[in-house]
Amino acid sequence: MNDWLSRDRESIWHPFTPLKGMTRPEMLEKGEGVYLYTHEGKKIMDVISSWWVNLHGHSHPYLAKAIARQAEQLEHVIFAGFTHEPAIRLAERLLDILPQNQSKIFFSDNGSTATEVGIKMAFQFFYNQGIEKKKIIAIDGAYHGDTFGAMSVGDRGAFTAPFDPYLFDVEFIDFPDQHSEDQVLQQFELLVAGGEVAAFIFEPLVQGASGMRFYSERWLNSAMEIAQRHGVVCIADEVMTGFGRLGSLFAADRLQHKPDIICLSKGLTGGVLPMGVTSCTQAIQEAYKSDDLMKTFFHGHSFTGNPIICAVANASLDLLLTPECEANRQRIAQKHQEFMHRIKGHSMVRNARTIGTILAFDLNTERDSSYFNEARHHLYPYFIEKGLLIRPLGNVIYLIPPYIITNDELDRVYETIAEFLELYPTLKSRI
Ligand SMILES: *Cc1c(COP(=O)(O)O)cnc(C)c1O
């Protein structure tokens, strides 16, 4: 066992993990349903869906079979000049469930590439038409991925500091919280009215990585109305919010104004294999339909449209679109509501909030909410010890469980959190 961990330490560079003083990773043996089982026989409930990707539980037999079957049929092929049934079916089914204005599916590899593609698609949309529009608007605190384009439109902070000189210019507007909505809308309109803005990229209704921060449908509808009235391409990054996370299948379903471009990943394959999708409207693709070869969208990855991944995405959609799955999402939403009301007045809790299957609250620490808030370094091991995978963002504790989690399991999670809230004042002085 220790041998495995030292071999890991020797050879592997883990994501978002310091190379020195790294906490000892858990060595996993298997995953089943909502649980992960360690080498040492510990059972850990995954209530963050392994970085927000898992929808139907770990090692789901139906998804595993879909992978095996496709692997024996056609495992991979270059996707330029070739196509196959899993990809065609997936694209059609996505267009079926996405907002009606979406008309084309572009495949890529993950959430970051899905947003990169969205940004490039928007910029080239204007370039192809000979229109000079170069600015892009994003929201303070945004997270759109870790590649350079995605980083550029994301929040600038400690994570991006080494790369700041290489990131392109972006107009950031303030986060539209309850108190500043109208002011931010004015700020937005002023920018857009300048006429140079090509695109507006946003995580609809919930900013994930900045701490599960919610903002209103009313604000986003108004912003999109203004943007679209001025010919600004609206890019909804639904990498986290897609596939039922907010209750509705997509955040866009809750809005009157529909995005021009939608980015998907995470739950797309049920969280089993990596894939990104960027969809767009008829108007966007029209700008690329030309006899001029130079108006082609020159973007692709070696594994674009991989048949095995398409097959598992199709299988995940089979499960997602059942009435049982929808009932599960509603059940979780209801349970979250009840727990939110229960902890709302607690002295250690600030800003308890829930939308769909997401529940979040800020732990009332003296220091303000940021990723480096020291609370997170104590909270993560505390909950692992209790058998829960909860990975706070600074002092923001959140749940985003797979949809198969049962009421009993949810109750266990809530009880562990409630107990923690009682203990926290004493824990704090001890750690
Ligand atoms: C996770 C995430 C991404 C990046 O996805 P990766 O697959 O990790 O590259 C982009 N946008 C949002 C909103 C995300 O939550």
# chains A, B, ... in the order shown; residues from 1 in each chain; ligands from 1
$ residues_near_ligand --ligand "ligand 1" --cutoff "7 Å" --atoms "only C-alpha atoms and all ligand atoms" --output "PyMOL selection string"
chain A and resi 110-113+115+143-146+203+207-209+237-240+265-266
$ residues_around --residues "Phe175 of chain A" --least-positions-apart "4" --cutoff "10 Å" --atoms "only C-alpha atoms" --output "list in words"
Ala138, Ile139, Asp140, Gly141, Ala142, Ser180, Glu181, Val184, Gln207, Arg213, Phe214 and Tyr215 of chain A
$ select_by_dssp --residues "segment 153-282 of chain A" --states "helix (DSSP H, G or I)" --output "ChimeraX atom specification"
/A:161-166,181-193,217-229,251-254,266-269,282
$ residues_around --residues "Gln186 of chain A" --least-positions-apart "4" --cutoff "12 Å" --atoms "only C-alpha atoms" --output "number ranges by chain"
A: 173-174, 176, 180-182, 190-193, 219, 222-223, 226
$ residues_around --residues "Met22 of chain A" --least-positions-apart "5" --cutoff "10 Å" --atoms "only C-alpha atoms" --output "NGL selection string"
:A and (9 or 14 or 17)
$ write_last_selection --atoms "N, CA and C atoms" --output "mmCIF file, in the first residue's frame"
data_model
loop_
_atom_site.group_PDB
_atom_site.id
_atom_site.type_symbol
_atom_site.label_atom_id
_atom_site.label_comp_id
_atom_site.auth_asym_id
_atom_site.auth_seq_id
_atom_site.Cartn_x
_atom_site.Cartn_y
_atom_site.Cartn_z
ATOM 1 N N ARG A 9 3.921 9.212 -5.700
ATOM 2 C CA ARG A 9 4.640 10.449 -5.384
ATOM 3 C C ARG A 9 5.855 10.649 -6.288
ATOM 4 N N HIS A 14 -0.263 15.540 -9.776
ATOM 5 C CA HIS A 14 -1.730 15.606 -9.712
ATOM 6 C C HIS A 14 -2.250 17.017 -9.968
ATOM 7 N N THR A 17 -2.727 20.392 -7.277
ATOM 8 C CA THR A 17 -2.156 19.807 -6.067
ATOM 9 C C THR A 17 -0.709 20.250 -5.934
#
$ atom_distance --atom1 "atom CA of Ile137 of chain A" --atom2 "atom CA of Ile201 of chain A"
6.3 Å
$ residues_around --residues "segment 272-280 of chain A" --least-positions-apart "5" --cutoff "9 Å" --atoms "only C-alpha atoms" --output "VMD selection string"
chain A and resid 53 to 54 58 to 59 63 to 64 94 to 95 98 101 to 115 117 to 118 121 239 259 to 267 285 304 to 306 308 to 310 312 to 313
$ closest_atom_pairs --of "segment 35-72 of chain A" --to "segment 28-31 of chain A" --cutoff "8 Å" --atoms "only C-alpha atoms" --output "tab-separated table"
residue	atom	partner	partner_atom	distance
A:Tyr35	CA	A:Gly31	CA	5.8
A:Leu36	CA	A:Gly31	CA	4.3
A:Tyr37	CA	A:Lys30	CA	5.3
A:Thr38	CA	A:Leu28	CA	4.1
A:His39	CA	A:Glu29	CA	5.1
A:His58	CA	A:Gly31	CA	5.2
A:Ser59	CA	A:Gly31	CA	6.0
$ closest_residue --among "A:Ala161, A:Leu249, A:Leu363, A:Leu427" --to "Tyr398 of chain A" --atoms "only C-alpha atoms"
A:Leu363
$ residues_around --residues "Trp51 of chain A" --least-positions-apart "6" --cutoff "10 Å" --atoms "only C-alpha atoms" --output "ChimeraX atom specification"
/A:240,266,271,390-391,400-401
$ decode --residues "segment 140-154 of chain A" --atoms "all heavy atoms" --output "mmCIF file, in the first residue's frame"
data_model
loop_
_atom_site.group_PDB
_atom_site.id
_atom_site.type_symbol
_atom_site.label_atom_id
_atom_site.label_comp_id
_atom_site.auth_asym_id
_atom_site.auth_seq_id
_atom_site.Cartn_x
_atom_site.Cartn_y
_atom_site.Cartn_z
ATOM 1 N N ASP A 140 -16.839 38.869 -13.677
ATOM 2 C CA ASP A 140 -15.875 38.693 -12.584
ATOM 3 C C ASP A 140 -16.116 37.369 -11.874
ATOM 4 O O ASP A 140 -17.260 37.021 -11.574
ATOM 5 C CB ASP A 140 -16.043 39.824 -11.556
ATOM 6 C CG ASP A 140 -15.034 40.938 -11.770
ATOM 7 O OD1 ASP A 140 -14.097 40.749 -12.559
ATOM 8 O OD2 ASP A 140 -15.199 41.996 -11.133
ATOM 9 N N GLY A 141 -15.045 36.654 -11.596
ATOM 10 C CA GLY A 141 -15.183 35.388 -10.875
ATOM 11 C C GLY A 141 -15.453 34.206 -11.785
ATOM 12 O O GLY A 141 -15.620 33.085 -11.315
ATOM 13 N N ALA A 142 -15.461 34.458 -13.103
ATOM 14 C CA ALA A 142 -15.802 33.387 -14.044
ATOM 15 C C ALA A 142 -14.739 32.285 -14.059
ATOM 16 O O ALA A 142 -13.564 32.527 -13.799
ATOM 17 C CB ALA A 142 -15.942 33.960 -15.446
ATOM 18 N N TYR A 143 -15.155 31.084 -14.358
ATOM 19 C CA TYR A 143 -14.227 29.991 -14.649
ATOM 20 C C TYR A 143 -14.690 29.288 -15.919
ATOM 21 O O TYR A 143 -15.819 28.793 -15.984
ATOM 22 C CB TYR A 143 -14.160 28.988 -13.496
ATOM 23 C CG TYR A 143 -13.204 27.856 -13.805
ATOM 24 C CD1 TYR A 143 -11.825 28.059 -13.759
ATOM 25 C CD2 TYR A 143 -13.669 26.610 -14.190
ATOM 26 C CE1 TYR A 143 -10.935 27.039 -14.076
ATOM 27 C CE2 TYR A 143 -12.784 25.580 -14.510
ATOM 28 C CZ TYR A 143 -11.422 25.803 -14.453
ATOM 29 O OH TYR A 143 -10.551 24.792 -14.781
ATOM 30 N N HIS A 144 -13.827 29.255 -16.917
ATOM 31 C CA HIS A 144 -14.195 28.599 -18.173
ATOM 32 C C HIS A 144 -13.189 27.531 -18.591
ATOM 33 O O HIS A 144 -13.281 27.008 -19.696
ATOM 34 C CB HIS A 144 -14.381 29.636 -19.273
ATOM 35 C CG HIS A 144 -15.493 30.605 -18.994
ATOM 36 N ND1 HIS A 144 -16.815 30.230 -18.991
ATOM 37 C CD2 HIS A 144 -15.482 31.930 -18.657
ATOM 38 C CE1 HIS A 144 -17.574 31.277 -18.688
ATOM 39 N NE2 HIS A 144 -16.792 32.321 -18.476
ATOM 40 N N GLY A 145 -12.214 27.244 -17.733
ATOM 41 C CA GLY A 145 -11.258 26.191 -18.040
ATOM 42 C C GLY A 145 -9.823 26.658 -17.900
ATOM 43 O O GLY A 145 -9.564 27.823 -17.575
ATOM 44 N N ASP A 146 -8.875 25.783 -18.167
ATOM 45 C CA ASP A 146 -7.471 26.040 -17.865
ATOM 46 C C ASP A 146 -6.572 26.219 -19.081
ATOM 47 O O ASP A 146 -5.368 26.391 -18.934
ATOM 48 C CB ASP A 146 -6.921 24.909 -16.989
ATOM 49 C CG ASP A 146 -7.470 24.995 -15.568
ATOM 50 O OD1 ASP A 146 -7.972 26.081 -15.197
ATOM 51 O OD2 ASP A 146 -7.396 24.001 -14.847
ATOM 52 N N THR A 147 -7.111 26.128 -20.288
ATOM 53 C CA THR A 147 -6.289 26.420 -21.460
ATOM 54 C C THR A 147 -6.264 27.942 -21.645
ATOM 55 O O THR A 147 -7.016 28.656 -20.976
ATOM 56 C CB THR A 147 -6.875 25.730 -22.699
ATOM 57 O OG1 THR A 147 -8.267 26.075 -22.785
ATOM 58 C CG2 THR A 147 -6.748 24.223 -22.591
ATOM 59 N N PHE A 148 -5.417 28.440 -22.565
ATOM 60 C CA PHE A 148 -5.168 29.884 -22.580
ATOM 61 C C PHE A 148 -6.389 30.753 -22.893
ATOM 62 O O PHE A 148 -6.616 31.750 -22.217
ATOM 63 C CB PHE A 148 -3.998 30.224 -23.510
ATOM 64 C CG PHE A 148 -2.694 30.202 -22.773
ATOM 65 C CD1 PHE A 148 -2.001 29.016 -22.610
ATOM 66 C CD2 PHE A 148 -2.190 31.355 -22.191
ATOM 67 C CE1 PHE A 148 -0.813 28.977 -21.899
ATOM 68 C CE2 PHE A 148 -1.012 31.339 -21.471
ATOM 69 C CZ PHE A 148 -0.307 30.138 -21.325
ATOM 70 N N GLY A 149 -7.170 30.345 -23.876
ATOM 71 C CA GLY A 149 -8.357 31.138 -24.193
ATOM 72 C C GLY A 149 -9.334 31.103 -23.036
ATOM 73 O O GLY A 149 -9.889 32.137 -22.629
ATOM 74 N N ALA A 150 -9.543 29.914 -22.505
ATOM 75 C CA ALA A 150 -10.475 29.741 -21.388
ATOM 76 C C ALA A 150 -9.986 30.510 -20.168
ATOM 77 O O ALA A 150 -10.775 31.149 -19.463
ATOM 78 C CB ALA A 150 -10.636 28.260 -21.073
ATOM 79 N N MET A 151 -8.672 30.478 -19.935
ATOM 80 C CA MET A 151 -8.108 31.246 -18.812
ATOM 81 C C MET A 151 -8.305 32.741 -19.026
ATOM 82 O O MET A 151 -8.585 33.480 -18.085
ATOM 83 C CB MET A 151 -6.604 30.986 -18.718
ATOM 84 C CG MET A 151 -6.196 30.054 -17.604
ATOM 85 S SD MET A 151 -4.435 30.216 -17.215
ATOM 86 C CE MET A 151 -3.639 29.853 -18.762
ATOM 87 N N SER A 152 -8.153 33.183 -20.277
ATOM 88 C CA SER A 152 -8.271 34.616 -20.564
ATOM 89 C C SER A 152 -9.632 35.155 -20.154
ATOM 90 O O SER A 152 -9.740 36.242 -19.597
ATOM 91 C CB SER A 152 -8.050 34.888 -22.060
ATOM 92 O OG SER A 152 -6.729 34.591 -22.420
ATOM 93 N N VAL A 153 -10.677 34.389 -20.433
ATOM 94 C CA VAL A 153 -12.030 34.873 -20.108
ATOM 95 C C VAL A 153 -12.428 34.515 -18.674
ATOM 96 O O VAL A 153 -13.545 34.774 -18.251
ATOM 97 C CB VAL A 153 -13.098 34.343 -21.103
ATOM 98 C CG1 VAL A 153 -12.905 34.979 -22.464
ATOM 99 C CG2 VAL A 153 -13.083 32.823 -21.201
ATOM 100 N N GLY A 154 -11.498 33.913 -17.936
ATOM 101 C CA GLY A 154 -11.771 33.565 -16.550
ATOM 102 C C GLY A 154 -11.210 34.597 -15.593
ATOM 103 O O GLY A 154 -10.468 35.499 -15.988
#
